[in-house]
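**Q** Dropping in structure34.txt, with compact mmCIF, C-alpha atoms.
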# COMPACT_ATOMS: atom_id res chain seq x y z
CA MET A 187 30.85 10.83 -19.58
CA LEU A 188 27.38 9.71 -20.61
CA ASP A 189 27.11 8.93 -24.30
CA SER A 190 25.07 11.76 -25.85
CA ARG A 191 22.70 9.30 -27.53
CA TRP A 192 21.73 7.90 -24.15
CA ALA A 193 21.59 11.32 -22.53
CA ASP A 194 18.92 12.27 -25.07
CA ALA A 195 16.81 9.14 -24.52
CA ARG A 196 13.33 9.92 -23.18
CA ASN A 197 11.40 6.66 -23.61
CA LEU A 198 13.42 3.70 -22.34
CA LEU A 199 12.52 0.02 -22.33
CA LEU A 200 14.30 -2.06 -19.69
CA ILE A 201 14.17 -5.83 -20.16
CA ARG A 202 14.64 -8.38 -17.36
CA LEU A 203 12.59 -11.53 -17.92
CA ASP A 204 13.55 -13.59 -14.88
CA ASN A 205 12.19 -14.31 -11.40
CA ILE A 206 11.07 -11.78 -8.80
CA GLY A 207 14.40 -11.82 -6.97
CA ASP A 208 16.27 -10.95 -10.17
CA VAL A 209 14.07 -7.87 -10.61
CA VAL A 210 14.66 -6.88 -6.97
CA LEU A 211 18.42 -7.02 -7.63
CA LEU A 212 17.86 -4.80 -10.68
CA SER A 213 16.63 -2.01 -8.38
CA ALA A 214 20.02 -0.28 -8.14
CA ALA A 215 20.23 -0.07 -11.94
CA ILE A 216 16.67 1.24 -12.25
CA ARG A 217 17.36 3.86 -9.59
CA THR A 218 20.57 4.85 -11.38
CA LEU A 219 18.69 5.38 -14.63
CA ARG A 220 16.10 7.53 -12.89
CA GLU A 221 18.84 9.68 -11.32
CA ASN A 222 20.70 10.11 -14.62
CA LEU A 223 17.60 10.61 -16.79
CA PRO A 224 15.05 12.30 -14.52
CA GLN A 225 12.82 13.34 -17.44
CA ALA A 226 12.75 9.95 -19.13
CA ARG A 227 9.93 7.43 -19.05
CA LEU A 228 11.16 4.06 -17.75
CA THR A 229 9.22 0.92 -18.70
CA LEU A 230 10.21 -2.53 -17.49
CA LEU A 231 9.40 -5.59 -19.59
CA ALA A 232 9.23 -8.45 -17.07
CA SER A 233 8.01 -12.02 -16.81
CA PRO A 234 4.67 -12.69 -15.06
CA ALA A 235 6.63 -13.61 -11.92
CA GLY A 236 9.15 -10.78 -12.09
CA SER A 237 6.48 -8.16 -12.70
CA GLN A 238 5.24 -8.66 -9.13
CA ALA A 239 8.26 -6.73 -7.86
CA GLY A 240 7.10 -3.60 -9.68
CA THR A 241 5.16 -2.28 -6.69
CA LEU A 242 8.46 -2.03 -4.77
CA LEU A 243 10.24 -0.01 -7.48
CA PRO A 244 8.82 3.52 -7.55
CA TRP A 245 11.45 4.69 -10.04
CA LEU A 246 9.58 2.88 -12.81
CA ASP A 247 6.75 4.47 -14.74
CA GLU A 248 5.28 1.21 -16.01
CA VAL A 249 5.71 -2.56 -16.00
CA MET A 250 4.83 -4.61 -19.08
CA VAL A 251 4.36 -8.37 -18.71
CA TRP A 252 5.52 -10.94 -21.25
CA ARG A 253 6.46 -14.63 -21.36
CA ALA A 254 9.32 -14.65 -23.86
CA ILE A 255 10.28 -17.71 -25.87
CA TRP A 256 14.01 -17.03 -25.33
CA GLN A 257 13.49 -17.39 -21.54
CA ASP A 258 11.12 -20.35 -21.76
CA LEU A 259 11.98 -23.75 -20.25
CA GLY A 260 10.09 -25.67 -22.91
CA HIS A 261 6.51 -24.96 -21.83
CA LEU A 262 5.41 -22.51 -24.54
CA PRO A 263 3.90 -24.01 -27.71
CA LEU A 264 5.20 -23.17 -31.17
CA ASP A 265 3.42 -19.92 -32.02
CA PRO A 266 5.51 -17.33 -33.91
CA SER A 267 2.51 -14.98 -33.93
CA ARG A 268 3.02 -14.52 -30.19
CA GLU A 269 6.49 -13.03 -30.74
CA MET A 270 5.28 -10.96 -33.68
CA ALA A 271 2.61 -9.51 -31.39
CA LEU A 272 5.36 -8.48 -28.97
CA VAL A 273 7.26 -6.78 -31.78
CA GLU A 274 4.15 -4.85 -32.82
CA THR A 275 3.43 -3.87 -29.22
CA LEU A 276 6.95 -2.52 -28.81
CA ARG A 277 6.78 -0.74 -32.17
CA ALA A 278 3.58 1.04 -31.16
CA ARG A 279 5.18 2.30 -27.95
CA GLU A 280 7.91 4.13 -29.92
CA PHE A 281 10.74 3.43 -27.49
CA ASP A 282 13.94 5.25 -28.39
CA ALA A 283 16.26 2.98 -26.41
CA THR A 284 16.33 -0.42 -24.75
CA ILE A 285 18.63 -2.03 -22.19
CA VAL A 286 18.65 -5.82 -22.02
CA PHE A 287 19.69 -7.00 -18.55
CA THR A 288 20.87 -10.60 -18.31
CA SER A 289 22.73 -12.96 -16.01
CA PHE A 290 26.20 -14.23 -16.95
CA SER A 291 24.72 -17.32 -18.64
CA GLN A 292 22.06 -15.60 -20.75
CA THR A 293 22.26 -14.06 -24.19
CA PRO A 294 20.71 -10.64 -24.86
CA HIS A 295 20.29 -11.33 -28.55
CA GLY A 296 16.75 -12.75 -28.55
CA ALA A 297 15.42 -9.64 -26.84
CA ALA A 298 17.66 -7.40 -28.92
CA TYR A 299 16.32 -8.90 -32.15
CA ALA A 300 12.72 -8.26 -31.08
CA CYS A 301 13.67 -4.67 -30.30
CA TYR A 302 15.48 -4.32 -33.62
CA LEU A 303 12.36 -5.52 -35.47
CA ALA A 304 10.32 -3.03 -33.42
CA GLY A 305 12.53 -0.20 -34.67
CA ILE A 306 14.13 0.73 -31.34
CA PRO A 307 17.30 2.56 -32.45
CA LEU A 308 19.47 2.16 -29.31
CA ARG A 309 20.03 -1.33 -27.92
CA LEU A 310 22.43 -2.05 -25.06
CA GLY A 311 23.40 -5.45 -23.66
CA GLU A 312 26.24 -7.63 -22.38
CA SER A 313 27.31 -10.61 -24.45
CA LYS A 314 30.03 -13.22 -24.75
CA GLU A 315 29.11 -14.24 -28.30
CA PHE A 316 28.99 -12.39 -31.61
CA GLY A 317 25.55 -10.96 -32.36
CA GLY A 318 26.15 -8.83 -35.42
CA GLY A 319 24.22 -5.59 -35.31
CA LEU A 320 21.48 -6.74 -32.92
CA LEU A 321 23.00 -4.59 -30.17
CA THR A 322 24.10 -1.06 -31.02
CA THR A 323 26.31 -1.11 -27.93
CA GLU A 324 27.69 -4.44 -26.78
CA ILE A 325 29.52 -4.66 -23.47
CA ARG A 326 31.96 -7.56 -23.29
CA ASP A 327 34.24 -9.23 -20.76
CA LEU A 328 32.18 -8.73 -17.62
CA PRO A 329 33.51 -11.33 -15.13
CA ASP A 330 31.22 -14.28 -14.44
CA GLU A 331 31.96 -13.89 -10.72
CA LEU A 332 30.21 -10.52 -10.42
CA TYR A 333 27.38 -10.12 -7.92
CA GLN A 334 24.25 -10.04 -10.06
CA ALA A 335 23.22 -6.52 -9.02
CA GLU A 336 26.73 -5.33 -9.85
CA ARG A 337 26.56 -6.87 -13.34
CA SER A 338 23.61 -4.60 -14.21
CA LEU A 339 25.44 -1.52 -12.94
CA ARG A 340 28.59 -2.33 -14.92
CA LEU A 341 26.42 -2.54 -18.03
CA LEU A 342 25.15 1.00 -17.42
CA GLU A 343 28.61 2.32 -16.65
CA GLY A 344 29.71 0.94 -20.02
CA VAL A 345 27.90 3.83 -21.74
CA GLY A 346 28.70 6.45 -19.10
CA PHE A 347 25.83 6.37 -16.61
CA VAL A 348 27.00 7.53 -13.17
CA VAL A 349 26.23 5.13 -10.30
CA ARG A 350 25.92 6.84 -6.91
CA ASP A 351 24.51 3.96 -4.86
CA ARG A 352 25.32 0.38 -5.78
CA ARG A 353 23.14 -1.35 -3.20
CA PRO A 354 19.79 -2.87 -4.24
CA ARG A 355 16.91 -1.14 -2.45
CA VAL A 356 13.13 -1.33 -2.48
CA GLU A 357 10.44 0.97 -1.15
CA ILE A 358 7.46 -0.57 0.63
CA PRO A 359 4.03 1.00 0.03
CA GLU A 360 2.26 2.17 3.17
CA GLY A 361 -0.68 -0.14 2.49
CA ALA A 362 1.67 -3.12 2.59
CA ARG A 363 3.11 -1.95 5.90
CA GLN A 364 -0.37 -1.75 7.36
CA ARG A 365 -1.28 -5.22 6.12
CA ALA A 366 1.96 -6.62 7.56
CA ARG A 367 1.26 -5.04 10.94
CA GLY A 368 -2.19 -6.62 10.92
CA LEU A 369 -0.87 -10.07 9.99
CA LEU A 370 1.79 -9.99 12.68
CA ALA A 371 -0.64 -8.71 15.29
CA SER A 372 -3.00 -11.58 14.46
CA ARG A 373 -0.13 -13.92 15.36
CA GLY A 374 0.51 -12.18 18.68
CA ILE A 375 3.47 -10.09 17.50
CA GLY A 376 2.89 -6.48 18.45
CA GLN A 377 4.42 -3.42 16.86
CA GLY A 378 8.17 -3.18 17.44
CA LYS A 379 8.45 -6.66 18.96
CA PRO A 380 11.35 -8.85 17.72
CA TYR A 381 10.67 -11.89 15.56
CA LEU A 382 12.43 -14.19 13.11
CA VAL A 383 11.26 -15.24 9.64
CA VAL A 384 11.71 -18.70 8.12
CA HIS A 385 10.83 -19.10 4.43
CA PRO A 386 11.13 -22.76 3.28
CA GLY A 387 10.11 -22.28 -0.37
CA ALA A 388 12.14 -21.79 -3.56
CA SER A 389 11.41 -21.61 -7.28
CA CYS A 390 12.74 -25.11 -8.02
CA GLN A 391 13.33 -28.43 -6.27
CA ALA A 392 17.13 -28.22 -6.58
CA ARG A 393 17.21 -25.18 -4.28
CA ARG A 394 14.92 -26.44 -1.51
CA TYR A 395 16.34 -27.47 1.84
CA PRO A 396 14.01 -30.31 2.94
CA LEU A 397 10.79 -29.07 4.51
CA GLU A 398 11.00 -31.41 7.50
CA ARG A 399 14.39 -29.93 8.33
CA PHE A 400 13.04 -26.41 8.02
CA ALA A 401 10.32 -27.46 10.47
CA ALA A 402 13.00 -28.56 12.92
CA VAL A 403 14.89 -25.29 12.35
CA ALA A 404 11.77 -23.25 13.18
CA ARG A 405 11.11 -25.17 16.40
CA LEU A 406 14.74 -24.97 17.52
CA LEU A 407 14.93 -21.26 16.80
CA TRP A 408 11.92 -20.65 19.02
CA ARG A 409 13.34 -22.73 21.85
CA ARG A 410 16.83 -21.26 21.72
CA ALA A 411 16.26 -17.63 20.76
CA GLY A 412 12.98 -17.23 22.58
CA TRP A 413 11.56 -14.99 19.85
CA PRO A 414 8.49 -15.75 17.73
CA VAL A 415 9.20 -17.48 14.42
CA VAL A 416 7.02 -16.53 11.45
CA LEU A 417 6.74 -18.95 8.51
CA THR A 418 6.16 -17.33 5.11
CA GLY A 419 5.39 -18.94 1.78
CA SER A 420 2.96 -19.28 -1.09
CA GLU A 421 -0.70 -20.21 -0.96
CA ARG A 422 0.25 -23.65 -2.27
CA GLU A 423 2.45 -24.17 0.81
CA ALA A 424 -0.07 -22.86 3.34
CA GLY A 425 -1.33 -26.27 4.44
CA GLU A 426 2.09 -27.76 5.12
CA LEU A 427 3.43 -24.65 6.84
CA GLY A 428 0.27 -24.33 8.91
CA ALA A 429 0.76 -27.92 10.10
CA ILE A 430 4.35 -27.12 11.09
CA ALA A 431 3.22 -24.03 13.01
CA SER A 432 0.61 -26.04 14.91
CA GLN A 433 3.37 -28.20 16.42
CA SER A 434 5.09 -25.39 18.34
CA PRO A 435 3.59 -22.53 20.40
CA GLY A 436 6.28 -20.10 19.27
CA VAL A 437 5.89 -20.73 15.54
CA SER A 438 3.13 -19.24 13.39
CA SER A 439 2.42 -19.22 9.67
CA ILE A 440 1.23 -16.44 7.36
CA SER A 441 1.85 -18.54 4.25
CA GLY A 442 -0.47 -17.64 1.39
CA ARG A 443 -1.46 -14.39 3.08
CA THR A 444 1.12 -12.05 1.51
CA ARG A 445 1.69 -10.43 -1.83
CA VAL A 446 5.29 -9.54 -2.68
CA GLU A 447 5.05 -6.08 -1.12
CA ASP A 448 3.43 -7.52 2.03
CA LEU A 449 6.19 -10.11 2.31
CA ALA A 450 8.76 -7.33 2.02
CA ALA A 451 7.05 -5.45 4.84
CA VAL A 452 7.10 -8.55 7.06
CA LEU A 453 10.77 -9.19 6.31
CA ALA A 454 11.63 -5.55 6.98
CA GLY A 455 10.85 -5.91 10.68
CA ALA A 456 12.59 -9.26 11.20
CA ARG A 457 15.80 -9.64 13.16
CA LEU A 458 16.90 -12.44 10.83
CA VAL A 459 15.56 -14.20 7.73
CA VAL A 460 16.31 -17.91 7.26
CA CYS A 461 15.57 -19.09 3.72
CA ASN A 462 16.72 -20.91 0.61
CA ASP A 463 18.25 -19.25 -2.44
CA SER A 464 14.95 -17.51 -3.15
CA LEU A 465 13.13 -14.17 -3.18
CA PRO A 466 13.44 -13.45 0.60
CA MET A 467 17.24 -13.64 0.30
CA HIS A 468 17.23 -10.77 -2.20
CA LEU A 469 14.49 -8.79 -0.45
CA ALA A 470 16.51 -9.03 2.76
CA THR A 471 19.49 -7.54 0.94
CA ALA A 472 17.38 -4.70 -0.44
CA LEU A 473 15.92 -4.03 3.03
CA GLY A 474 19.17 -4.28 4.96
CA VAL A 475 17.93 -7.30 6.95
CA PRO A 476 20.44 -10.06 7.84
CA SER A 477 19.82 -13.41 6.17
CA LEU A 478 20.97 -16.99 6.66
CA VAL A 479 20.61 -18.99 3.46
CA THR A 480 20.61 -22.74 2.87
CA PHE A 481 22.27 -22.31 -0.50
CA SER A 482 22.27 -25.31 -2.81
CA GLY A 483 24.89 -26.21 -5.39
CA THR A 484 22.93 -24.87 -8.36
CA ASP A 485 24.85 -21.57 -8.54
CA ARG A 486 28.05 -19.87 -7.48
CA GLU A 487 27.82 -18.14 -4.11
CA VAL A 488 29.80 -15.11 -5.26
CA GLN A 489 27.13 -14.22 -7.83
CA TRP A 490 24.36 -13.99 -5.23
CA GLU A 491 25.85 -13.34 -1.79
CA SER A 492 25.20 -9.74 -0.77
CA PRO A 493 28.24 -7.54 -0.09
CA TYR A 494 25.96 -4.93 1.52
CA THR A 495 23.94 -6.75 4.19
CA PRO A 496 25.01 -9.40 6.75
CA THR A 497 24.49 -12.64 4.82
CA ARG A 498 25.72 -16.17 5.44
CA LEU A 499 25.35 -19.02 2.97
CA LEU A 500 25.37 -22.63 4.16
CA ARG A 501 26.02 -25.56 1.84
CA ARG A 502 28.08 -28.70 1.44
CA GLY A 503 30.70 -28.79 -1.28
CA THR A 504 29.92 -31.29 -4.05
CA PRO A 505 31.76 -32.15 -7.28
CA CYS A 506 28.65 -31.42 -9.36
CA SER A 507 28.40 -27.77 -8.27
CA PRO A 508 27.51 -25.44 -9.85
CA CYS A 509 25.00 -27.52 -11.77
CA TYR A 510 22.45 -24.82 -12.80
CA ARG A 511 19.69 -27.46 -12.68
CA MET A 512 16.06 -27.11 -11.64
CA GLU A 513 15.83 -30.71 -10.42
CA CYS A 514 18.59 -32.52 -8.55
CA PRO A 515 19.31 -35.93 -10.15
CA TYR A 516 20.92 -37.13 -6.91
CA HIS A 517 19.90 -36.60 -3.29
CA LEU A 518 20.61 -32.88 -2.69
CA GLU A 519 23.91 -33.71 -1.01
CA CYS A 520 24.79 -30.01 -1.23
CA LEU A 521 22.02 -29.33 1.33
CA GLU A 522 22.91 -32.21 3.65
CA ILE A 523 22.97 -29.84 6.62
CA ALA A 524 21.60 -30.72 10.04
CA PRO A 525 18.93 -28.37 11.46
CA GLU A 526 21.13 -27.92 14.54
CA GLU A 527 23.90 -26.55 12.33
CA VAL A 528 21.50 -24.06 10.74
CA VAL A 529 20.30 -22.88 14.14
CA ASP A 530 23.86 -22.65 15.49
CA ALA A 531 24.70 -20.35 12.57
CA ALA A 532 21.54 -18.31 13.18
CA GLU A 533 22.43 -17.84 16.85
CA GLU A 534 25.94 -16.79 15.90
CA MET A 535 24.55 -14.17 13.53
CA LEU A 536 22.04 -12.92 16.09
CA ARG A 537 24.78 -12.50 18.70
CA SER A 538 26.78 -10.36 16.28
CA LEU A 539 23.88 -7.97 15.58
CA PRO A 540 23.34 -4.72 17.52
CA LEU A 541 20.46 -4.72 20.01
CA GLU A 542 18.51 -2.43 17.71
CA GLN A 543 18.88 -3.67 14.16
CA GLU A 544 19.80 -0.74 11.95
CA ASN A 545 18.04 -1.77 8.78
CA GLY A 546 16.07 1.42 8.23
CA GLU A 547 12.84 -0.51 7.77
CA GLU A 548 10.03 -1.55 10.06
CA ALA A 549 6.98 -3.64 9.42
CA ALA A 550 5.06 -2.72 12.53
So, in terms of structure tokens, how does the structure I just supplied come out?
**A**
Amino acid sequence: MLDSRWADARNLLLIRLDNIGDVVLLSAAIRTLRENLPQARLTLLASPAGSQAGTLLPWLDEVMVWRAIWQDLGHLPLDPSREMALVETLRAREFDATIVFTSFSQTPHGAAYACYLAGIPLRLGESKEFGGGLLTTEIRDLPDELYQAERSLRLLEGVGFVVRDRRPRVEIPEGARQRARGLLASRGIGQGKPYLVVHPGASCQARRYPLERFAAVARLLWRRAGWPVVLTGSEREAGELGAIASQSPGVSSISGRTRVEDLAAVLAGARLVVCNDSLPMHLATALGVPSLVTFSGTDREVQWESPYTPTRLLRRGTPCSPCYRMECPYHLECLEIAPEEVVDAAEEMLRSLPLEQENGEEAA
């Protein structure tokens, strides 16, 4: 049964200060809160990167953006007034409850302390270490091996919220669908036509399968599958991906041409997404699109591999895994995978899929 204090909450602050993919995986928890508290106002406090997923989460009323010192990798200067400004901003909003969502390796106590100083009376989080009274409800003993979306749901169930649908989901705005159709049409891919997506980027070097191998994967996919291959990526990657596309008639690039919601719309119509451990992996899960992931040794597969959508992770076992590093100090031996092996796995996945992919989404 839902704790009466939470049942009465009407102005909730949800905190997840990680990357875009982490916010996408939070979608099941956000949807659960909306279903349990239909009259409440839900505000997400997200990082500048994570906030970009807000357009795909219609259950939210608002997204606030903040770069928090307790999530910083050493780039923010010493400036306590910045955190005091956050406290005053939260105080002025008069939230009556906050939920701090974290991964297994993160502490909720930095965020909880800011919320305590802001006078937010209810504070929920999961923790392995003692935090005194910073959290009014502290959930303990969640297994490290939990899928990350599941971890957020277990936190909510700890105070009695009822979860009806555990799968991450996103909703694509119609404008994004139209832009995706236009982008694909400009690359010769008409509405309803099959295509594959290859996304070579990732948030850090330690998770990136080498670009020259991704180039070989894209060319081989076109030759073997006979379907167009669409390269996606950031504006910073547009030049390199454009050069790769120019080397094969069946490969095209829309790198730098998509916002997060546009990328989701492009992925929604794909037969298969080939990517690193990065945003497209999690969007594919939320869209029901199969994905093949070159998954480095930075993390444990079980925490990120979707139990809801056909997903296959490729990596070499190494003694240093999981390392949780942004930069590999060695030679990315965990991603020492031949392009032919990646394409063999892709073909195997494609053969196992129904002729009409039942993902419930369509870009074109």
**Q** Restricting the calculation to all atoms listed in the file, which member of A:Ala531, A:His517, A:Arg355, A:Glu421 is positioned closest to Gly474 in chain A?
**A**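 Closest residue, counting all atoms listed in the file: A:Arg355.
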**Q** Rank nothing, just name the residue among A:Val251, A:Ala193, A:Ala392, A:Leu518 nearest to Leu219 in chain A, using all atoms listed in the file.
**A**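 Using all atoms listed in the file, Leu219 in chain A sits closest to A:Ala193.
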**Q** Find the residues near Val479 in chain A: any atom within 9 Å, counting all atoms listed in the file, skip ones fewer than 5 places away on the same chain, and give them as a PyMOL selection string.
**A** chain A and resi 459-464+467+497-501+528
**Q** Could you work out how far CA of His295 in chain A lies from CA of Gly236 in chain A, giving the answer in Å with one decimal?
**A** 19.9 Å
**Q** So, with all atoms listed in the file as the atoms that count, which of A:Ala388, A:Ala454, A:Leu198, A:Leu382 lies closest to Arg405 in chain A?
**A**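 When distances to Arg405 in chain A are compared using all atoms listed in the file, the smallest one comes from A:Leu382.
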**Q** Taking (27.6, 10.5, -17.5) in the file's coordinates, which residues come within 6 Å, counting only C-alpha atoms, written as a PyMOL selection string?
**A** chain A and resi 187-188+346-348
**Q** Hey, what's within 12 Å of Pro359 in chain A if we count all atoms listed in the file and toss same-chain stuff fewer than 3 positions away? As an mmCIF file with C-alpha atoms, keeping the file's coordinate frame, please?
**A**
data_model
loop_
_atom_site.group_PDB
_atom_site.id
_atom_site.type_symbol
_atom_site.label_atom_id
_atom_site.label_comp_id
_atom_site.auth_asym_id
_atom_site.auth_seq_id
_atom_site.Cartn_x
_atom_site.Cartn_y
_atom_site.Cartn_z
ATOM 1 C CA ALA A 239 8.260 -6.730 -7.860
ATOM 2 C CA GLY A 240 7.100 -3.600 -9.680
ATOM 3 C CA THR A 241 5.160 -2.280 -6.690
ATOM 4 C CA LEU A 242 8.460 -2.030 -4.770
ATOM 5 C CA LEU A 243 10.240 -0.010 -7.480
ATOM 6 C CA PRO A 244 8.820 3.520 -7.550
ATOM 7 C CA VAL A 356 13.130 -1.330 -2.480
ATOM 8 C CA ALA A 362 1.670 -3.120 2.590
ATOM 9 C CA ARG A 363 3.110 -1.950 5.900
ATOM 10 C CA GLN A 364 -0.370 -1.750 7.360
ATOM 11 C CA ARG A 365 -1.280 -5.220 6.120
ATOM 12 C CA ALA A 366 1.960 -6.620 7.560
ATOM 13 C CA ARG A 445 1.690 -10.430 -1.830
ATOM 14 C CA VAL A 446 5.290 -9.540 -2.680
ATOM 15 C CA GLU A 447 5.050 -6.080 -1.120
ATOM 16 C CA ASP A 448 3.430 -7.520 2.030
ATOM 17 C CA LEU A 449 6.190 -10.110 2.310
ATOM 18 C CA ALA A 450 8.760 -7.330 2.020
ATOM 19 C CA ALA A 451 7.050 -5.450 4.840
ATOM 20 C CA GLU A 547 12.840 -0.510 7.770
ATOM 21 C CA GLU A 548 10.030 -1.550 10.060
ATOM 22 C CA ALA A 549 6.980 -3.640 9.420
#
**Q** To box range 490-497 of chain A, take all atoms listed in the file, fit an axis-aligned box, add 6 Å on each side, and give centre and edge lengths in Å to one decimal, as JSON.
**A**
{"center_x": 26.1, "center_y": -9.5, "center_z": 0.8, "size_x": 16.3, "size_y": 21.1, "size_z": 24.0}
**Q** Mind checking which residues fall within 7 Å of range 406-411 of chain A, counting all atoms listed in the file, ignoring those fewer than 4 positions away in the same chain, and posting them as a list in words?
**A**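 Listing them by chain and then by number gives Ala402, Val415, Gly436, Val437 and Val529 of chain A.
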**Q** How far is it from CA of Ser439 in chain A to CA of Ala401 in chain A, in Å with one decimal?
**A** 11.4 Å
**Q** If I take CA of Glu522 in chain A and CA of Tyr510 in chain A, how far is one from the other in Å, to one decimal?
**A**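 Taking CA of Glu522 in chain A as the start and CA of Tyr510 in chain A as the end point, the length is 18.0 Å.
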**Q** Considering only C-alpha atoms, return as a ChimeraX atom specification whatever protein or nucleic-acid residues lie within 12 Å of Ala271 in chain A, sequence-local ones (same chain, fewer than 3 positions apart) excluded.
**A** /A:252-254,265-268,274-278,300,303-304
**Q** (14.4, -17.6, -20.2) in this file's frame - what residues fall within 8 Å of it? Use only C-alpha atoms and give the answer as an mmCIF file with C-alpha atoms, keeping the file's coordinate frame.
**A**
data_model
loop_
_atom_site.group_PDB
_atom_site.id
_atom_site.type_symbol
_atom_site.label_atom_id
_atom_site.label_comp_id
_atom_site.auth_asym_id
_atom_site.auth_seq_id
_atom_site.Cartn_x
_atom_site.Cartn_y
_atom_site.Cartn_z
ATOM 1 C CA LEU A 203 12.590 -11.530 -17.920
ATOM 2 C CA ASP A 204 13.550 -13.590 -14.880
ATOM 3 C CA ALA A 254 9.320 -14.650 -23.860
ATOM 4 C CA ILE A 255 10.280 -17.710 -25.870
ATOM 5 C CA TRP A 256 14.010 -17.030 -25.330
ATOM 6 C CA GLN A 257 13.490 -17.390 -21.540
ATOM 7 C CA ASP A 258 11.120 -20.350 -21.760
ATOM 8 C CA LEU A 259 11.980 -23.750 -20.250
ATOM 9 C CA GLN A 292 22.060 -15.600 -20.750
#
**Q** Which is closer to Arg353 in chain A than all the others in A:Leu478, A:Ala215, A:Ile325, A:Leu199, using all atoms listed in the file?
**A**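 For Arg353 in chain A, the nearest of the candidates is A:Ala215.
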**Q** Go through A:Arg373, A:Arg340, A:His385, A:Lys379 one by one, measure the shortest atom-to-atom distance of each to Leu427 in chain A using all atoms listed in the file, and give the residue with the smallest value.
**A**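 For Leu427 in chain A, the nearest of the candidates is A:His385.
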**Q** Counting only C-alpha atoms, which of A:Gln377, A:Ser313, A:Ser482, A:Ser420 gets nearest to Tyr395 in chain A?
**A**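 Using only C-alpha atoms, Tyr395 in chain A sits closest to A:Ser482.
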**Q** Quick one: residues within 12 Å of Gly376 in chain A, all atoms listed in the file counted, chain neighbours fewer than 5 positions away excluded, as a tab-separated table (two decimals) with C-alpha atoms, in the coordinates of the input?
**A**
chain	number	residue	atom	x	y	z
A	366	ALA	CA	1.96	-6.62	7.56
A	367	ARG	CA	1.26	-5.04	10.94
A	368	GLY	CA	-2.19	-6.62	10.92
A	369	LEU	CA	-0.87	-10.07	9.99
A	370	LEU	CA	1.79	-9.99	12.68
A	371	ALA	CA	-0.64	-8.71	15.29
A	381	TYR	CA	10.67	-11.89	15.56
A	414	PRO	CA	8.49	-15.75	17.73
A	455	GLY	CA	10.85	-5.91	10.68
A	549	ALA	CA	6.98	-3.64	9.42
A	550	ALA	CA	5.06	-2.72	12.53
